[in-house]
Amino acid sequence: MDFRLLGPFEIRHRGRPVTAGPRRQERCLLGLLLLEAGRVVSTDRLTDLLWDGEPPATARGVVHTYVGRLRQSLGDHGLTIVTRHDGYLVEPADHRRDVDEFAEFCRQAGEAPDTAERVRLLDEALALWRGPLLADVAGDRLRERLAPRLHEQWLVAVRRRAEDLLAMGRHERVVTDLLPVADRCPAQERLVALLMTALHRDGRPAEALHRYDVTAKLLRADLGVAPGAELRELRDRIARRDPRLDRPPAPAYAVRVRDQWLPWHVGGHPALEFCNTYAGWRQPHPAGGGEWLRGYPALAAWAEHLDLADPETTTRLLRVARRAPGEAAAVLRRATTLRTFLYACLTDPADEHAFAAVAEFARAAAAASVFVRDASGLGRWVLPAEAGLDLPLHAAANSAAALLADPRRFTVCACPAPRCGWLFLDPSRQRRYCSVATCAH
């Protein structure tokens, strides 16, 4: 069965709606048990929640009656409610709950390195919310007692999506998404700050400042406090038209390619430039990163920038990636895995495990390549359109194989600057830093 708790309570069996009973309180009881599916909910807790701390003397008997009716109406559909100790338990079986799907989408989004993929997953998660939890059977007071953590997860998902959209330059989408949320949660200062930033970038600074005034009045009236320092500073920057608020901040030592920031060329070989798309190798995964390949579009733009893919091919790849974001994200994950092994292989020529891992990627790239004759009459290996979304990954693997077969690999140096470690060729062994004493940080 399919149970939808995020909004009006709905039950479906094989795609068809199922009625749990005419009584609102009876359906609310089922909702309470489903939120704790697989765990026993005591009768005392059920009566306390259903009657908000003031259950009548007959409450336990009423709960027993409700459970009997639910078993009778839903048992044939596969729902099992077990009496255990002094309470009841809904067996999870193969039932689907939208709260589980929401949590899983949020988990996947938290692990996705691709900004566009994170936004897609968070869109999927937030689309499951059709309204407040158990909107038609539970009141606000019960919702506050039931699942404060679930509401907090929803707020976090809304905030993270807005942050990613702002980083992608999608401020108009942030305005659309956050206006109704800010109306419902006007005291959430971080959400208000994101909305104010989006309104400013959308050419609506007066609305952004008004939003601050509304929040400030509410905080003073309800909590007796003023807005935090971060929100006050943002208000002042918008008031003085700070130009740095007009667009996402550009990273240092970067070049803009197809709306993607990519690092300067400092390595002297495509395989090294590929490794250098992670800045700060000496600092393990700093917050926010040093990572340049934040999405498949950046990987495709990188391949074009290094002349490993022509502009027409890149345009086609980006179009396919928009239609298949999950596949594109999987290619990106494999590309970053190749990059990790390649970096290890180049900085430690004795690392046989890393060499073997890169060799596997190289063999796959070689199998995908075809030998053709170009306009000059010379033959060369190329990656055909049939390589699909894997084309930039194969291009990087081919480049890695070429460098590992070149004696110049023994002249590869890692920048010694703290928190850098970018790679570059140095045949003279006289070059000190990756790029004239300047680094990614």
# chains A, B, ... in the order shown; residues from 1 in each chain; ligands from 1
call {"tool": "residues_around", "arguments": {"residues": "A:Glu104", "least_positions_apart": "2", "cutoff": "12 Å", "atoms": "only C-alpha atoms", "output": "PDB file with N, CA and C atoms, in the first residue's frame"}}
result
ATOM      1  N   ARG A  97       5.865   4.741   2.207  1.00  0.00           N
ATOM      2  CA  ARG A  97       5.487   5.958   2.921  1.00  0.00           C
ATOM      3  C   ARG A  97       6.235   7.125   2.296  1.00  0.00           C
ATOM      4  N   ASP A  98       5.521   8.188   2.022  1.00  0.00           N
ATOM      5  CA  ASP A  98       6.200   9.332   1.405  1.00  0.00           C
ATOM      6  C   ASP A  98       7.245   9.942   2.338  1.00  0.00           C
ATOM      7  N   VAL A  99       7.104   9.756   3.656  1.00  0.00           N
ATOM      8  CA  VAL A  99       8.120  10.279   4.565  1.00  0.00           C
ATOM      9  C   VAL A  99       9.454   9.558   4.357  1.00  0.00           C
ATOM     10  N   ASP A 100       9.393   8.255   4.038  1.00  0.00           N
ATOM     11  CA  ASP A 100      10.621   7.506   3.749  1.00  0.00           C
ATOM     12  C   ASP A 100      11.255   7.987   2.450  1.00  0.00           C
ATOM     13  N   GLU A 101      10.423   8.210   1.440  1.00  0.00           N
ATOM     14  CA  GLU A 101      10.940   8.668   0.150  1.00  0.00           C
ATOM     15  C   GLU A 101      11.562  10.055   0.286  1.00  0.00           C
ATOM     16  N   PHE A 102      10.930  10.917   1.087  1.00  0.00           N
ATOM     17  CA  PHE A 102      11.483  12.247   1.329  1.00  0.00           C
ATOM     18  C   PHE A 102      12.872  12.149   1.951  1.00  0.00           C
ATOM     19  N   CYS A 106      16.556  13.278   0.290  1.00  0.00           N
ATOM     20  CA  CYS A 106      17.429  14.229   0.994  1.00  0.00           C
ATOM     21  C   CYS A 106      18.804  13.618   1.233  1.00  0.00           C
ATOM     22  N   ARG A 107      18.833  12.333   1.579  1.00  0.00           N
ATOM     23  CA  ARG A 107      20.121  11.663   1.792  1.00  0.00           C
ATOM     24  C   ARG A 107      20.945  11.648   0.512  1.00  0.00           C
ATOM     25  N   GLN A 108      20.298  11.283  -0.610  1.00  0.00           N
ATOM     26  CA  GLN A 108      21.009  11.260  -1.888  1.00  0.00           C
ATOM     27  C   GLN A 108      21.508  12.651  -2.264  1.00  0.00           C
ATOM     28  N   ALA A 109      20.689  13.666  -2.012  1.00  0.00           N
ATOM     29  CA  ALA A 109      21.101  15.037  -2.325  1.00  0.00           C
ATOM     30  C   ALA A 109      22.320  15.433  -1.503  1.00  0.00           C
ATOM     31  N   GLY A 110      22.362  14.998  -0.248  1.00  0.00           N
ATOM     32  CA  GLY A 110      23.494  15.319   0.596  1.00  0.00           C
ATOM     33  C   GLY A 110      24.792  14.706   0.124  1.00  0.00           C
ATOM     34  N   GLU A 111      24.702  13.619  -0.651  1.00  0.00           N
ATOM     35  CA  GLU A 111      25.903  12.930  -1.134  1.00  0.00           C
ATOM     36  C   GLU A 111      26.249  13.304  -2.569  1.00  0.00           C
ATOM     37  N   LEU A 121      17.307  16.320  -6.979  1.00  0.00           N
ATOM     38  CA  LEU A 121      16.904  15.427  -5.899  1.00  0.00           C
ATOM     39  C   LEU A 121      16.089  16.167  -4.839  1.00  0.00           C
ATOM     40  N   LEU A 122      16.484  17.390  -4.532  1.00  0.00           N
ATOM     41  CA  LEU A 122      15.720  18.173  -3.554  1.00  0.00           C
ATOM     42  C   LEU A 122      14.358  18.569  -4.116  1.00  0.00           C
ATOM     43  N   GLU A 124      12.641  16.653  -6.085  1.00  0.00           N
ATOM     44  CA  GLU A 124      11.865  15.421  -5.915  1.00  0.00           C
ATOM     45  C   GLU A 124      11.391  15.291  -4.469  1.00  0.00           C
ATOM     46  N   ALA A 125      12.294  15.584  -3.523  1.00  0.00           N
ATOM     47  CA  ALA A 125      11.941  15.463  -2.112  1.00  0.00           C
ATOM     48  C   ALA A 125      10.828  16.435  -1.730  1.00  0.00           C
ATOM     49  N   LEU A 126      10.989  17.687  -2.123  1.00  0.00           N
ATOM     50  CA  LEU A 126      10.026  18.715  -1.708  1.00  0.00           C
ATOM     51  C   LEU A 126       8.697  18.588  -2.437  1.00  0.00           C
ATOM     52  N   LEU A 128       7.091  15.981  -2.738  1.00  0.00           N
ATOM     53  CA  LEU A 128       6.272  15.037  -1.976  1.00  0.00           C
ATOM     54  C   LEU A 128       5.401  15.748  -0.945  1.00  0.00           C
ATOM     55  N   GLN A 153      13.744  19.038   8.840  1.00  0.00           N
ATOM     56  CA  GLN A 153      14.328  18.460   7.621  1.00  0.00           C
ATOM     57  C   GLN A 153      13.785  19.150   6.383  1.00  0.00           C
ATOM     58  N   ALA A 157      15.982  21.232   3.625  1.00  0.00           N
ATOM     59  CA  ALA A 157      15.919  20.931   2.192  1.00  0.00           C
ATOM     60  C   ALA A 157      15.580  22.186   1.385  1.00  0.00           C
TER      61      ALA A 157
END
call {"tool": "select_by_dssp", "arguments": {"residues": "stretch 110-317 of chain A", "states": "strand (DSSP E)", "output": "PyMOL selection string"}}
result
chain A and resi 254-257+260-263
call {"tool": "atom_distance", "arguments": {"atom1": "atom CA of A:Arg256", "atom2": "atom CA of A:Thr313"}}
result
18.5 Å
call {"tool": "atom_distance", "arguments": {"atom1": "atom CA of A:Arg419", "atom2": "atom CA of A:Arg334"}}
result
24.4 Å
call {"tool": "residues_around", "arguments": {"residues": "stretch 378-386 of chain A", "least_positions_apart": "2", "cutoff": "10 Å", "atoms": "only C-alpha atoms", "output": "list in words"}}
result
Leu308, Ala309, Thr313, Arg316, Leu317, Ala365, Ala366, Ala367, Ala368, Ser369, Val370, Phe371, Val372, Arg373, Asp374, Ala375, Ser376, Gly388, Leu389, Asp390, Leu391, Pro392, His394, Ala395 and Asn398 of chain A
call {"tool": "closest_residue", "arguments": {"among": "A:Arg120, A:Arg247, A:Arg339, A:His269", "to": "A:His171", "atoms": "only C-alpha atoms"}}
result
A:Arg247
call {"tool": "closest_residue", "arguments": {"among": "A:Ala401, A:Leu74, A:Ala239, A:Leu393", "to": "A:Pro17", "atoms": "only C-alpha atoms"}}
result
A:Leu74
call {"tool": "residues_around", "arguments": {"residues": "A:Arg149", "least_positions_apart": "5", "cutoff": "12 Å", "atoms": "only C-alpha atoms", "output": "compact mmCIF listing (two decimals) with N, CA and C atoms, in the first residue's frame"}}
result
# COMPACT_ATOMS: atom_id res chain seq x y z
N VAL A 99 7.10 9.76 3.66
CA VAL A 99 8.12 10.28 4.57
C VAL A 99 9.45 9.56 4.36
N ALA A 103 12.99 11.32 2.99
CA ALA A 103 14.28 11.17 3.67
C ALA A 103 15.35 10.61 2.73
N LEU A 133 1.97 18.22 7.38
CA LEU A 133 1.87 16.81 7.75
C LEU A 133 0.46 16.47 8.22
N ARG A 143 0.76 18.52 15.21
CA ARG A 143 1.91 18.46 14.31
C ARG A 143 3.19 18.89 15.02
N GLU A 144 3.09 19.93 15.85
CA GLU A 144 4.26 20.39 16.59
C GLU A 144 4.78 19.30 17.52
N TRP A 154 12.51 19.49 6.42
CA TRP A 154 11.89 20.19 5.28
C TRP A 154 12.53 21.57 5.12
N LEU A 155 12.71 22.28 6.23
CA LEU A 155 13.33 23.60 6.16
C LEU A 155 14.76 23.52 5.63
N VAL A 156 15.50 22.51 6.08
CA VAL A 156 16.88 22.34 5.60
C VAL A 156 16.90 22.08 4.10
call {"tool": "residues_around", "arguments": {"residues": "stretch 425-433 of chain A", "least_positions_apart": "2", "cutoff": "12 Å", "atoms": "only C-alpha atoms", "output": "short mmCIF file (atom, residue, chain, number, x, y, z; two decimals) with C-alpha atoms, in the first residue's frame"}}
result
data_model
loop_
_atom_site.label_atom_id
_atom_site.label_comp_id
_atom_site.auth_asym_id
_atom_site.auth_seq_id
_atom_site.Cartn_x
_atom_site.Cartn_y
_atom_site.Cartn_z
CA HIS A 265 45.91 26.08 -16.84
CA VAL A 266 49.08 25.52 -14.86
CA GLY A 267 49.91 21.86 -15.48
CA GLY A 268 51.12 21.75 -19.07
CA HIS A 269 49.20 18.57 -19.95
CA PRO A 270 45.44 17.75 -20.12
CA ALA A 271 45.82 14.92 -17.61
CA LEU A 272 47.39 17.32 -15.12
CA GLU A 273 44.74 19.96 -15.74
CA LEU A 346 51.37 10.73 -10.62
CA THR A 347 52.55 11.75 -7.17
CA LEU A 403 50.88 10.90 -19.91
CA ASP A 406 55.35 9.54 -21.62
CA PRO A 407 58.76 9.92 -19.88
CA ARG A 408 57.61 13.41 -18.91
CA ARG A 409 55.49 11.84 -16.22
CA PHE A 410 58.67 11.69 -14.12
CA THR A 411 58.93 15.48 -14.26
CA VAL A 412 55.53 15.99 -12.66
CA CYS A 413 55.71 18.11 -9.51
CA ALA A 414 53.12 18.92 -6.87
CA CYS A 415 52.95 22.52 -5.70
CA PRO A 416 54.38 22.62 -2.16
CA ALA A 417 52.31 25.61 -1.08
CA PRO A 418 50.13 24.88 1.97
CA CYS A 420 47.50 23.56 -2.71
CA GLY A 421 49.23 20.57 -4.29
CA TRP A 422 48.32 21.33 -7.91
CA LEU A 423 50.38 19.33 -10.41
CA SER A 435 51.78 29.15 -11.26
CA VAL A 436 54.31 31.90 -10.62
CA ALA A 437 53.96 31.58 -6.85
CA THR A 438 50.17 31.77 -7.00
CA CYS A 439 47.89 28.92 -6.02
CA ALA A 440 44.21 28.01 -5.92
#
call {"tool": "residues_around", "arguments": {"residues": "A:Val137", "least_positions_apart": "4", "cutoff": "10 Å", "atoms": "only C-alpha atoms", "output": "PyMOL selection string"}}
result
chain A and resi 7-9+23-29+31+133+142
call {"tool": "atom_distance", "arguments": {"atom1": "atom CA of A:Pro297", "atom2": "atom CA of A:Ala356"}}
result
28.0 Å
call {"tool": "residues_around", "arguments": {"residues": "A:Ala37", "least_positions_apart": "5", "cutoff": "9 Å", "atoms": "only C-alpha atoms", "output": "PyMOL selection string"}}
result
chain A and resi 32+89-92
call {"tool": "select_by_dssp", "arguments": {"residues": "stretch 223-423 of chain A", "states": "alpha helix (DSSP H)", "output": "ChimeraX atom specification"}}
result
/A:223,229-239,270-275,296-305,311-323,325-347,352-368,391-404
